[in-house]
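For reference, coords-v7.tsv (TSV, C-alpha atoms):
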chain	number	residue	atom	x	y	z
A	1	MET	CA	21.53	11.66	29.75
A	2	THR	CA	24.36	11.31	27.24
A	3	THR	CA	24.21	12.39	23.63
A	4	ALA	CA	24.32	8.72	22.64
A	5	ASP	CA	21.31	7.99	24.83
A	6	SER	CA	19.44	10.91	23.27
A	7	LYS	CA	20.21	9.57	19.79
A	8	VAL	CA	18.87	6.13	20.75
A	9	ASP	CA	15.68	7.68	22.13
A	10	GLN	CA	15.22	9.77	19.00
A	11	ASP	CA	15.80	6.80	16.71
A	12	PHE	CA	13.30	4.68	18.66
A	13	LEU	CA	10.58	7.34	18.56
A	14	GLU	CA	11.05	8.04	14.86
A	15	LEU	CA	10.88	4.37	13.92
A	16	ALA	CA	8.35	3.03	16.42
A	17	GLU	CA	5.80	5.83	16.75
A	18	PRO	CA	4.33	5.40	13.21
A	19	MET	CA	3.43	1.81	14.17
A	20	ARG	CA	1.50	2.74	17.30
A	21	ARG	CA	-1.93	2.64	15.64
A	22	GLU	CA	-1.49	-0.83	14.18
A	23	VAL	CA	-0.12	-2.15	17.49
A	24	LEU	CA	-3.20	-0.65	19.18
A	25	ALA	CA	-5.44	-2.51	16.72
A	26	HIS	CA	-3.66	-5.79	17.53
A	27	CYS	CA	-3.99	-5.25	21.27
A	28	TYR	CA	-7.64	-4.30	20.88
A	29	ARG	CA	-8.41	-7.49	18.96
A	30	MET	CA	-6.65	-9.46	21.71
A	31	LEU	CA	-8.31	-7.69	24.64
A	32	GLY	CA	-11.70	-6.46	23.39
A	33	SER	CA	-11.33	-3.17	25.29
A	34	VAL	CA	-10.07	0.13	23.95
A	35	HIS	CA	-9.07	1.24	27.45
A	36	ASP	CA	-7.12	-1.97	28.18
A	37	ALA	CA	-5.55	-1.87	24.72
A	38	GLU	CA	-4.29	1.68	25.23
A	39	ASP	CA	-2.76	0.67	28.57
A	40	VAL	CA	-1.03	-2.34	27.02
A	41	VAL	CA	0.32	-0.27	24.13
A	42	GLN	CA	1.79	2.15	26.65
A	43	GLU	CA	3.40	-0.75	28.48
A	44	THR	CA	4.64	-2.23	25.19
A	45	TYR	CA	6.33	0.97	24.11
A	46	LEU	CA	7.84	1.50	27.54
A	47	ARG	CA	9.33	-2.00	27.51
A	48	ALA	CA	10.55	-1.58	23.95
A	49	TRP	CA	12.15	1.80	24.73
A	50	LYS	CA	13.96	0.41	27.75
A	51	ALA	CA	15.27	-2.55	25.72
A	52	TYR	CA	15.95	-0.70	22.46
A	53	ASP	CA	19.70	-0.45	23.07
A	54	ARG	CA	19.73	-4.26	23.06
A	55	PHE	CA	17.63	-4.60	19.90
A	56	GLU	CA	20.07	-6.09	17.44
A	57	GLY	CA	17.89	-6.16	14.36
A	58	ARG	CA	17.53	-9.94	14.17
A	59	SER	CA	13.93	-9.22	13.14
A	60	SER	CA	12.18	-6.10	11.90
A	61	LEU	CA	11.23	-3.49	14.48
A	62	ARG	CA	7.57	-4.11	13.63
A	63	THR	CA	7.90	-7.83	14.39
A	64	TRP	CA	9.76	-7.03	17.62
A	65	LEU	CA	7.01	-4.65	18.76
A	66	TYR	CA	4.32	-7.22	17.99
A	67	ARG	CA	6.21	-9.83	19.99
A	68	ILE	CA	6.33	-7.54	23.02
A	69	ALA	CA	2.69	-6.47	22.57
A	70	THR	CA	1.41	-10.05	22.25
A	71	ARG	CA	3.26	-11.20	25.35
A	72	THR	CA	2.02	-8.18	27.28
A	73	CYS	CA	-1.56	-8.93	26.17
A	74	LEU	CA	-1.27	-12.57	27.24
A	75	THR	CA	-0.01	-11.47	30.65
A	76	ALA	CA	-2.87	-8.99	30.96
A	77	LEU	CA	-5.38	-11.74	30.09
A	78	GLU	CA	-4.17	-14.15	32.79
A	79	GLY	CA	-7.02	-14.89	35.16
A	80	ARG	CA	-9.50	-12.77	33.22
A	81	GLY	CA	-12.75	-13.90	31.66
A	82	ARG	CA	-13.81	-12.98	28.16
A	83	ARG	CA	-15.48	-9.68	27.28
A	84	PRO	CA	-18.95	-10.52	25.90
A	85	LEU	CA	-21.81	-8.72	24.30
A	86	PRO	CA	-25.26	-9.60	25.68
A	87	THR	CA	-25.88	-12.03	22.79
A	88	GLY	CA	-22.72	-13.87	23.85
A	89	LEU	CA	-24.04	-14.67	27.33
A	90	GLY	CA	-26.05	-17.61	25.99
A	91	GLY	CA	-29.46	-16.43	27.16
A	92	PRO	CA	-32.61	-16.36	25.02
A	93	ARG	CA	-33.88	-13.21	23.32
A	94	THR	CA	-35.61	-10.76	25.62
A	95	GLY	CA	-39.12	-9.40	25.28
A	96	PRO	CA	-39.41	-5.60	25.09
A	97	ASP	CA	-41.72	-5.53	28.12
A	98	GLU	CA	-39.43	-7.58	30.37
A	99	PRO	CA	-37.47	-5.76	33.10
A	100	LEU	CA	-34.05	-4.41	32.17
A	101	VAL	CA	-31.22	-6.19	33.99
A	102	ASP	CA	-28.17	-3.99	34.52
A	103	ARG	CA	-24.82	-5.77	35.04
A	104	PRO	CA	-22.17	-3.03	35.29
A	105	GLU	CA	-19.73	-5.43	36.95
A	106	VAL	CA	-19.40	-7.52	33.77
A	107	PRO	CA	-16.29	-6.61	31.72
A	108	TRP	CA	-18.25	-5.92	28.54
A	109	LEU	CA	-16.77	-5.73	25.05
A	110	GLU	CA	-16.01	-2.16	23.99
A	111	PRO	CA	-16.00	-0.49	20.56
A	112	ILE	CA	-12.97	1.35	19.24
A	113	PRO	CA	-13.02	4.54	17.16
A	114	ASP	CA	-11.75	4.23	13.60
A	115	ALA	CA	-9.82	7.46	14.09
A	116	ALA	CA	-7.66	5.77	16.73
A	117	LEU	CA	-6.51	3.11	14.27
A	118	THR	CA	-5.81	4.79	10.95
A	119	ALA	CA	-4.83	8.37	10.26
A	120	SER	CA	-6.17	8.09	6.69
A	121	PRO	CA	-7.19	5.43	4.15
A	122	THR	CA	-3.66	5.56	2.72
A	123	ASP	CA	-2.01	4.97	6.10
A	124	PRO	CA	0.21	1.84	5.88
A	125	ALA	CA	-1.33	0.69	9.15
A	126	SER	CA	-4.65	0.28	7.34
A	127	ILE	CA	-3.39	-3.05	6.03
A	128	VAL	CA	-3.66	-4.55	9.50
A	129	THR	CA	-6.57	-2.40	10.69
A	130	SER	CA	-8.93	-3.13	7.82
A	131	ARG	CA	-12.66	-3.03	8.48
A	132	GLU	CA	-12.90	-6.80	8.24
A	133	SER	CA	-10.28	-7.36	10.94
A	134	ILE	CA	-11.87	-5.07	13.54
A	135	ARG	CA	-15.59	-5.56	12.93
A	136	LEU	CA	-17.49	-5.77	16.19
A	137	ALA	CA	-18.86	-9.24	15.36
A	138	LEU	CA	-15.35	-10.58	14.77
A	139	VAL	CA	-13.88	-9.07	17.92
A	140	ALA	CA	-16.83	-10.46	19.89
A	141	ALA	CA	-16.26	-13.90	18.35
A	142	LEU	CA	-12.55	-13.78	19.21
A	143	GLN	CA	-13.55	-13.54	22.86
A	144	PHE	CA	-14.71	-17.17	22.71
A	145	LEU	CA	-11.13	-18.31	22.06
A	146	PRO	CA	-8.60	-18.96	24.84
A	147	PRO	CA	-5.97	-16.19	24.85
A	148	ARG	CA	-3.16	-18.25	23.26
A	149	GLN	CA	-5.48	-19.51	20.50
A	150	ARG	CA	-6.58	-15.93	19.97
A	151	ALA	CA	-2.95	-14.87	19.59
A	152	VAL	CA	-2.24	-17.70	17.14
A	153	LEU	CA	-5.25	-16.83	14.98
A	154	LEU	CA	-4.45	-13.12	14.86
A	155	LEU	CA	-0.74	-13.57	14.20
A	156	ARG	CA	-1.31	-16.16	11.46
A	157	ASP	CA	-4.52	-14.97	9.76
A	158	VAL	CA	-4.43	-11.19	10.28
A	159	LEU	CA	-0.71	-10.42	10.42
A	160	ALA	CA	0.33	-13.30	8.14
A	161	TRP	CA	3.15	-14.52	10.37
A	162	LYS	CA	4.73	-17.85	9.57
A	163	ALA	CA	3.91	-20.76	11.89
A	164	ALA	CA	7.56	-20.97	12.95
A	165	GLU	CA	7.56	-17.29	13.97
A	166	VAL	CA	4.44	-17.78	16.09
A	167	ALA	CA	5.92	-20.92	17.64
A	168	ASP	CA	9.06	-19.03	18.60
A	169	LEU	CA	7.02	-16.24	20.19
A	170	LEU	CA	4.81	-18.62	22.18
A	171	ASP	CA	7.68	-21.00	23.04
A	172	THR	CA	5.99	-23.98	21.43
A	173	THR	CA	6.29	-26.11	18.29
A	174	THR	CA	5.19	-25.39	14.74
A	175	ALA	CA	2.94	-28.45	14.86
A	176	ALA	CA	1.27	-27.11	18.01
A	177	VAL	CA	0.71	-23.74	16.35
A	178	ASN	CA	-0.90	-25.34	13.29
A	179	SER	CA	-3.13	-27.49	15.48
A	180	SER	CA	-4.14	-24.47	17.59
A	181	LEU	CA	-4.90	-22.47	14.46
A	182	GLN	CA	-7.14	-25.23	13.11
A	183	ARG	CA	-9.08	-25.41	16.38
A	184	ALA	CA	-9.36	-21.62	16.57
A	185	ARG	CA	-10.73	-21.36	13.04
A	186	ALA	CA	-13.28	-24.09	13.71
A	187	GLN	CA	-14.45	-22.46	16.94
A	188	LEU	CA	-14.60	-19.03	15.34
A	189	ASP	CA	-16.70	-20.41	12.47
A	190	ALA	CA	-19.10	-21.89	15.03
A	191	VAL	CA	-19.74	-18.64	16.92
A	192	SER	CA	-19.09	-15.89	14.37
A	193	PRO	CA	-22.13	-14.70	12.43
A	194	THR	CA	-21.88	-14.67	8.68
A	195	GLU	CA	-20.89	-11.41	7.04
A	196	ASP	CA	-22.79	-12.23	3.82
A	197	GLY	CA	-24.95	-9.31	2.76
A	198	VAL	CA	-23.23	-6.79	5.02
A	199	ALA	CA	-23.03	-3.48	3.14
A	200	GLU	CA	-20.66	-0.60	3.73
A	201	PRO	CA	-22.34	2.80	4.21
A	202	THR	CA	-20.82	4.31	1.08
A	203	THR	CA	-23.53	4.35	-1.58
A	204	ALA	CA	-26.22	7.00	-1.74
A	205	GLU	CA	-28.80	4.38	-0.78
A	206	GLN	CA	-26.89	3.40	2.32
A	207	ARG	CA	-26.23	7.01	3.28
A	208	ALA	CA	-29.96	7.58	2.97
A	209	LEU	CA	-30.53	4.73	5.44
A	210	LEU	CA	-28.27	6.44	7.97
A	211	ASP	CA	-30.10	9.73	7.41
A	212	ARG	CA	-33.41	7.94	8.03
A	213	TYR	CA	-31.94	6.44	11.21
A	214	VAL	CA	-31.01	9.89	12.54
A	215	ARG	CA	-34.39	11.40	11.68
A	216	ALA	CA	-36.35	8.51	13.18
A	217	PHE	CA	-34.51	8.65	16.50
A	218	GLU	CA	-34.33	12.42	16.79
A	219	ASP	CA	-38.08	12.57	16.14
A	220	LYS	CA	-38.71	9.44	18.24
A	221	ASP	CA	-40.86	8.31	15.34
A	222	ILE	CA	-41.75	4.75	16.32
A	223	PRO	CA	-43.24	3.61	12.95
A	224	ALA	CA	-40.15	4.98	11.20
A	225	ILE	CA	-37.90	3.14	13.67
A	226	VAL	CA	-39.71	-0.13	12.91
A	227	GLY	CA	-39.02	0.41	9.22
A	228	LEU	CA	-35.27	0.81	9.72
A	229	PHE	CA	-34.63	-2.77	10.78
A	230	THR	CA	-34.63	-6.11	8.98
A	231	SER	CA	-37.00	-8.79	10.28
A	232	ASP	CA	-34.17	-10.60	12.08
A	233	ALA	CA	-32.26	-7.52	13.26
A	234	VAL	CA	-30.66	-7.71	16.71
A	235	TRP	CA	-30.45	-4.90	19.26
A	236	GLU	CA	-28.27	-5.17	22.37
A	237	MET	CA	-27.09	-2.58	24.85
A	238	PRO	CA	-24.42	-3.43	27.42
A	239	PRO	CA	-24.36	-3.21	30.43
A	240	PHE	CA	-27.98	-4.45	30.13
A	241	THR	CA	-28.05	-8.19	29.59
A	242	GLY	CA	-31.11	-8.40	27.34
A	243	TRP	CA	-31.08	-8.59	23.58
A	244	TYR	CA	-33.98	-8.05	21.19
A	245	ARG	CA	-34.86	-9.28	17.71
A	246	GLY	CA	-36.91	-7.66	14.94
A	247	GLY	CA	-38.02	-4.11	14.25
A	248	GLU	CA	-41.31	-4.39	16.17
A	249	ASP	CA	-39.65	-5.47	19.44
A	250	ILE	CA	-36.79	-3.00	19.04
A	251	ALA	CA	-39.16	-0.10	18.40
A	252	ARG	CA	-41.39	-1.06	21.33
A	253	LEU	CA	-38.35	-1.18	23.61
A	254	ILE	CA	-37.37	2.33	22.53
A	255	ASP	CA	-40.95	3.56	22.78
A	256	THR	CA	-41.49	2.34	26.34
A	257	ARG	CA	-38.02	2.30	27.93
A	258	CYS	CA	-36.13	5.18	26.35
A	259	PRO	CA	-36.55	8.30	28.56
A	260	ALA	CA	-36.82	10.58	25.52
A	261	GLU	CA	-40.41	11.79	25.35
A	262	GLY	CA	-40.60	13.20	21.85
A	263	PRO	CA	-38.95	15.10	19.00
A	264	GLY	CA	-35.81	16.99	19.95
A	265	ASP	CA	-35.06	15.02	23.11
A	266	MET	CA	-32.44	12.91	21.31
A	267	ARG	CA	-29.67	14.18	19.08
A	268	LEU	CA	-27.21	12.02	17.16
A	269	VAL	CA	-23.65	12.96	16.20
A	270	PRO	CA	-22.10	10.71	13.51
A	271	THR	CA	-18.85	8.89	14.13
A	272	SER	CA	-17.42	5.48	13.19
A	273	ALA	CA	-16.33	2.47	15.21
A	274	ASN	CA	-14.83	-0.89	14.24
A	275	GLY	CA	-15.09	0.03	10.57
A	276	GLN	CA	-18.84	0.58	10.98
A	277	PRO	CA	-21.14	3.62	11.20
A	278	ALA	CA	-21.82	4.79	14.73
A	279	PHE	CA	-23.33	7.74	16.58
A	280	GLY	CA	-22.93	9.57	19.81
A	281	LEU	CA	-26.52	9.77	21.08
A	282	TYR	CA	-27.30	12.67	23.42
A	283	LEU	CA	-30.39	12.96	25.63
A	284	ARG	CA	-31.91	16.27	26.66
A	285	GLY	CA	-32.12	16.78	30.41
A	286	GLU	CA	-34.62	18.82	32.42
A	287	ASP	CA	-32.32	21.81	32.06
A	288	GLY	CA	-32.57	21.57	28.27
A	289	VAL	CA	-28.96	20.47	27.81
A	290	HIS	CA	-28.16	17.39	25.71
A	291	ARG	CA	-25.67	15.09	27.44
A	292	PRO	CA	-24.15	11.70	26.49
A	293	PHE	CA	-26.63	8.83	26.69
A	294	ASN	CA	-25.29	5.94	24.60
A	295	LEU	CA	-23.13	5.09	21.62
A	296	PRO	CA	-24.81	2.83	19.01
A	297	VAL	CA	-22.65	0.94	16.49
A	298	LEU	CA	-24.61	-0.17	13.41
A	299	THR	CA	-24.31	-3.05	10.97
A	300	LEU	CA	-26.05	-2.41	7.66
A	301	SER	CA	-27.28	-4.58	4.81
A	302	PRO	CA	-29.02	-3.64	1.58
A	303	GLN	CA	-32.29	-4.55	3.30
A	304	GLY	CA	-31.80	-2.31	6.35
A	305	VAL	CA	-30.13	-2.23	9.75
A	306	THR	CA	-29.25	-5.79	10.83
A	307	HIS	CA	-27.56	-5.15	14.18
A	308	VAL	CA	-27.10	-2.38	16.71
A	309	ALA	CA	-24.79	-2.62	19.71
A	310	CYS	CA	-25.70	0.32	21.93
A	311	PHE	CA	-22.98	1.04	24.52
A	312	PHE	CA	-24.12	2.79	27.69
A	313	ASP	CA	-20.65	3.86	28.82
A	314	PRO	CA	-20.22	7.66	28.95
A	315	ARG	CA	-16.42	7.26	29.06
A	316	LEU	CA	-16.56	6.26	25.39
A	317	PHE	CA	-17.64	9.75	24.33
A	318	GLU	CA	-14.24	11.15	25.33
A	319	VAL	CA	-12.47	8.21	23.66
A	320	PHE	CA	-14.35	8.99	20.43
A	321	GLY	CA	-13.60	12.71	20.65
A	322	LEU	CA	-17.30	13.54	21.11
A	323	PRO	CA	-18.30	16.64	23.11
A	324	ALA	CA	-19.36	16.37	26.73
A	325	VAL	CA	-22.49	18.41	25.99
A	326	LEU	CA	-24.23	19.58	22.81
A	327	GLU	CA	-24.91	23.25	22.37
A	328	ASP	CA	-28.09	24.26	20.55
Transcribe the structure of this file into structure tokens.
Amino acid sequence: MTTADSKVDQDFLELAEPMRREVLAHCYRMLGSVHDAEDVVQETYLRAWKAYDRFEGRSSLRTWLYRIATRTCLTALEGRGRRPLPTGLGGPRTGPDEPLVDRPEVPWLEPIPDAALTASPTDPASIVTSRESIRLALVAALQFLPPRQRAVLLLRDVLAWKAAEVADLLDTTTAAVNSSLQRARAQLDAVSPTEDGVAEPTTAEQRALLDRYVRAFEDKDIPAIVGLFTSDAVWEMPPFTGWYRGGEDIARLIDTRCPAEGPGDMRLVPTSANGQPAFGLYLRGEDGVHRPFNLPVLTLSPQGVTHVACFFDPRLFEVFGLPAVLED
């Protein structure tokens, strides 16, 4: 490799690497999978590195990277179905005594750790990885849009691109982009739940709710679990297709289907996902060792917990930097 080549490589890494987190957020919103998003970001940076000597600065490097990332995402989405949560399958609510139906073959929506998206609250990437833009409900709703509509909505409403820039990227007209954006917004409004009343876990009262959540589950205190949830709270747990509404049904499900038998069998380690509080939940085995069981992501309101998406995918524990086992 020549000295000139080395200089190009160094320049590319210095300029492009600080944008990796925000590009990952964009790819995650497009794909609904942290694993797929990481693969696409790798492919994006490889393509950009190979073509960097031909980058003539007609746009900013950030815009150029987003162009490559969006096209790579659209290619990755060809022939693929959407990534749902159980509530997105269209079936009715499930009773807590009904059999659990496991569908591991479904490409379920995945959460993403906050730590993968922003190094700190002052990180410039936080502008495009704000809590509102990566909330689990929004990413789930985006899955209802066709891939090109999804790209239009994200580029226009999240990244604030001009319609002409999006049209150039997608090889279409400005009028077509505006029409697609209008349809995407309408469809998103139809399927996306309202965020009114959603509270961030920052106040002492909200922190107390999270502390109550940990105590109730670690003690397997069923009455306390009932009291955590609002009357219309929803619990879902991919890859199981059922979803449950209300504290009574949720608590009965945990009482009768969760293999934890009593206090100490479950332990929760706090983390955060999609701008929301989350936990790594560990279950004690017969050997007394606590191992990964599921990863619940919570939505809170001033009245209590309104939604829990509980992900039964042990691969996520490594993605979230959670230990493989818990020592006493």
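Between atom CA of Glu318 of chain A and atom CA of Leu209 of chain A the separation is 26.5 Å.
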| field | Close residues, segment 141-149 of chain A itself excluded, 10 Å, only C-alpha atoms, min 6 positions apart in chain, as a PyMOL selection string | value | chain A and resi 29-32+70-71+73-78+80-85+88+109+135+155+170+177+179-185+187-193
| Å distance separating atom CA of His35 of chain A from atom CA of Phe279 of chain A, one decimal place | 19.1 Å
| remark: Students should find that atom CA of Glu218 of chain A and atom CA of Gly262 of chain A are spaced 8.1 Å
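Between Tyr213 of chain A and the residues A:Lys50, A:Arg267, A:Arg315, A:Arg257, the shortest atom-to-atom distance, using all atoms listed in the file, involves A:Arg267.
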| Within 12 Å of Val34 of chain A, counting all atoms listed in the file, which residues qualify if same-chain residues fewer than 6 places away don't, as a list of chain:residue names? | A:Arg21, A:Leu24, A:Ala25, A:His26, A:Cys27, A:Tyr28, A:Val40, A:Val41, A:Arg83, A:Trp108, A:Leu109, A:Glu110, A:Pro111, A:Ile112, A:Pro113, A:Asp114, A:Ala116, A:Leu117, A:Ile134, A:Val139, A:Ala273, A:Asn274, A:Arg315, A:Leu316, A:Glu318, A:Val319, A:Phe320
| query | Can you tell me, as a list of chain:residue names, what residues are no more than 12 Å from Leu159 of chain A when counting only C-alpha atoms, ignoring any on the same chain fewer than 2 positions away? | reply | A:Glu22, A:Val23, A:Ala25, A:His26, A:Arg29, A:Arg62, A:Thr63, A:Tyr66, A:Arg67, A:Ala125, A:Ser126, A:Ile127, A:Val128, A:Thr129, A:Ser130, A:Ser133, A:Ala151, A:Val152, A:Leu153, A:Leu154, A:Leu155, A:Arg156, A:Asp157, A:Trp161, A:Lys162, A:Ala163, A:Glu165, A:Val166
| Long-range neighbours of Ala324 of chain A as a PyMOL selection string, 8 Å cut-off, all atoms listed in the file, 4 positions minimum in chain | chain A and resi 291-292+317-318
Take segment 140-162 of chain A, model N, CA, C and O atoms, and hand the result over as an mmCIF file, in the coordinates of the input.
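Output file rebuild33.cif follows:
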data_model
loop_
_atom_site.group_PDB
_atom_site.id
_atom_site.type_symbol
_atom_site.label_atom_id
_atom_site.label_comp_id
_atom_site.auth_asym_id
_atom_site.auth_seq_id
_atom_site.Cartn_x
_atom_site.Cartn_y
_atom_site.Cartn_z
ATOM 1 N N ALA A 140 -16.001 -9.738 18.921
ATOM 2 C CA ALA A 140 -16.830 -10.460 19.890
ATOM 3 C C ALA A 140 -16.602 -11.962 19.784
ATOM 4 O O ALA A 140 -16.523 -12.672 20.798
ATOM 5 N N ALA A 141 -16.494 -12.470 18.550
ATOM 6 C CA ALA A 141 -16.260 -13.900 18.350
ATOM 7 C C ALA A 141 -14.895 -14.325 18.864
ATOM 8 O O ALA A 141 -14.733 -15.424 19.400
ATOM 9 N N LEU A 142 -13.895 -13.465 18.715
ATOM 10 C CA LEU A 142 -12.550 -13.780 19.210
ATOM 11 C C LEU A 142 -12.541 -14.020 20.718
ATOM 12 O O LEU A 142 -11.702 -14.758 21.231
ATOM 13 N N GLN A 143 -13.505 -13.396 21.408
ATOM 14 C CA GLN A 143 -13.550 -13.540 22.860
ATOM 15 C C GLN A 143 -13.872 -14.978 23.299
ATOM 16 O O GLN A 143 -13.635 -15.345 24.441
ATOM 17 N N PHE A 144 -14.412 -15.784 22.375
ATOM 18 C CA PHE A 144 -14.710 -17.170 22.710
ATOM 19 C C PHE A 144 -13.454 -18.048 22.690
ATOM 20 O O PHE A 144 -13.497 -19.186 23.157
ATOM 21 N N LEU A 145 -12.362 -17.530 22.147
ATOM 22 C CA LEU A 145 -11.130 -18.310 22.060
ATOM 23 C C LEU A 145 -10.271 -18.102 23.306
ATOM 24 O O LEU A 145 -10.182 -16.984 23.823
ATOM 25 N N PRO A 146 -9.597 -19.151 23.782
ATOM 26 C CA PRO A 146 -8.600 -18.960 24.840
ATOM 27 C C PRO A 146 -7.533 -17.980 24.360
ATOM 28 O O PRO A 146 -7.264 -17.883 23.153
ATOM 29 N N PRO A 147 -6.902 -17.239 25.271
ATOM 30 C CA PRO A 147 -5.970 -16.190 24.850
ATOM 31 C C PRO A 147 -4.864 -16.651 23.901
ATOM 32 O O PRO A 147 -4.568 -15.965 22.922
ATOM 33 N N ARG A 148 -4.253 -17.816 24.144
ATOM 34 C CA ARG A 148 -3.160 -18.250 23.260
ATOM 35 C C ARG A 148 -3.689 -18.620 21.871
ATOM 36 O O ARG A 148 -3.046 -18.338 20.858
ATOM 37 N N GLN A 149 -4.875 -19.237 21.806
ATOM 38 C CA GLN A 149 -5.480 -19.510 20.500
ATOM 39 C C GLN A 149 -5.811 -18.208 19.775
ATOM 40 O O GLN A 149 -5.648 -18.101 18.561
ATOM 41 N N ARG A 150 -6.278 -17.243 20.540
ATOM 42 C CA ARG A 150 -6.580 -15.930 19.970
ATOM 43 C C ARG A 150 -5.324 -15.323 19.352
ATOM 44 O O ARG A 150 -5.346 -14.780 18.246
ATOM 45 N N ALA A 151 -4.218 -15.411 20.087
ATOM 46 C CA ALA A 151 -2.950 -14.870 19.590
ATOM 47 C C ALA A 151 -2.514 -15.597 18.317
ATOM 48 O O ALA A 151 -2.079 -14.964 17.341
ATOM 49 N N VAL A 152 -2.633 -16.919 18.311
ATOM 50 C CA VAL A 152 -2.240 -17.700 17.140
ATOM 51 C C VAL A 152 -3.071 -17.276 15.924
ATOM 52 O O VAL A 152 -2.534 -17.030 14.835
ATOM 53 N N LEU A 153 -4.371 -17.179 16.101
ATOM 54 C CA LEU A 153 -5.250 -16.830 14.980
ATOM 55 C C LEU A 153 -4.912 -15.445 14.435
ATOM 56 O O LEU A 153 -4.822 -15.245 13.215
ATOM 57 N N LEU A 154 -4.720 -14.482 15.312
ATOM 58 C CA LEU A 154 -4.450 -13.120 14.860
ATOM 59 C C LEU A 154 -3.088 -13.006 14.193
ATOM 60 O O LEU A 154 -2.940 -12.347 13.160
ATOM 61 N N LEU A 155 -2.082 -13.653 14.773
ATOM 62 C CA LEU A 155 -0.740 -13.570 14.200
ATOM 63 C C LEU A 155 -0.676 -14.272 12.841
ATOM 64 O O LEU A 155 -0.030 -13.784 11.911
ATOM 65 N N ARG A 156 -1.363 -15.398 12.722
ATOM 66 C CA ARG A 156 -1.310 -16.160 11.460
ATOM 67 C C ARG A 156 -2.258 -15.579 10.405
ATOM 68 O O ARG A 156 -1.863 -15.368 9.270
ATOM 69 N N ASP A 157 -3.520 -15.317 10.773
ATOM 70 C CA ASP A 157 -4.520 -14.970 9.760
ATOM 71 C C ASP A 157 -4.630 -13.470 9.491
ATOM 72 O O ASP A 157 -5.024 -13.071 8.394
ATOM 73 N N VAL A 158 -4.335 -12.634 10.482
ATOM 74 C CA VAL A 158 -4.430 -11.190 10.280
ATOM 75 C C VAL A 158 -3.067 -10.597 9.921
ATOM 76 O O VAL A 158 -2.948 -9.826 8.971
ATOM 77 N N LEU A 159 -2.035 -10.987 10.658
ATOM 78 C CA LEU A 159 -0.710 -10.420 10.420
ATOM 79 C C LEU A 159 0.142 -11.252 9.483
ATOM 80 O O LEU A 159 1.247 -10.831 9.109
ATOM 81 N N ALA A 160 -0.352 -12.440 9.120
ATOM 82 C CA ALA A 160 0.330 -13.300 8.140
ATOM 83 C C ALA A 160 1.729 -13.720 8.588
ATOM 84 O O ALA A 160 2.649 -13.813 7.771
ATOM 85 N N TRP A 161 1.890 -13.979 9.892
ATOM 86 C CA TRP A 161 3.150 -14.520 10.370
ATOM 87 C C TRP A 161 3.270 -15.983 9.950
ATOM 88 O O TRP A 161 2.265 -16.687 9.794
ATOM 89 N N LYS A 162 4.492 -16.439 9.820
ATOM 90 C CA LYS A 162 4.730 -17.850 9.570
ATOM 91 C C LYS A 162 4.526 -18.636 10.865
ATOM 92 O O LYS A 162 4.708 -18.115 11.969
#
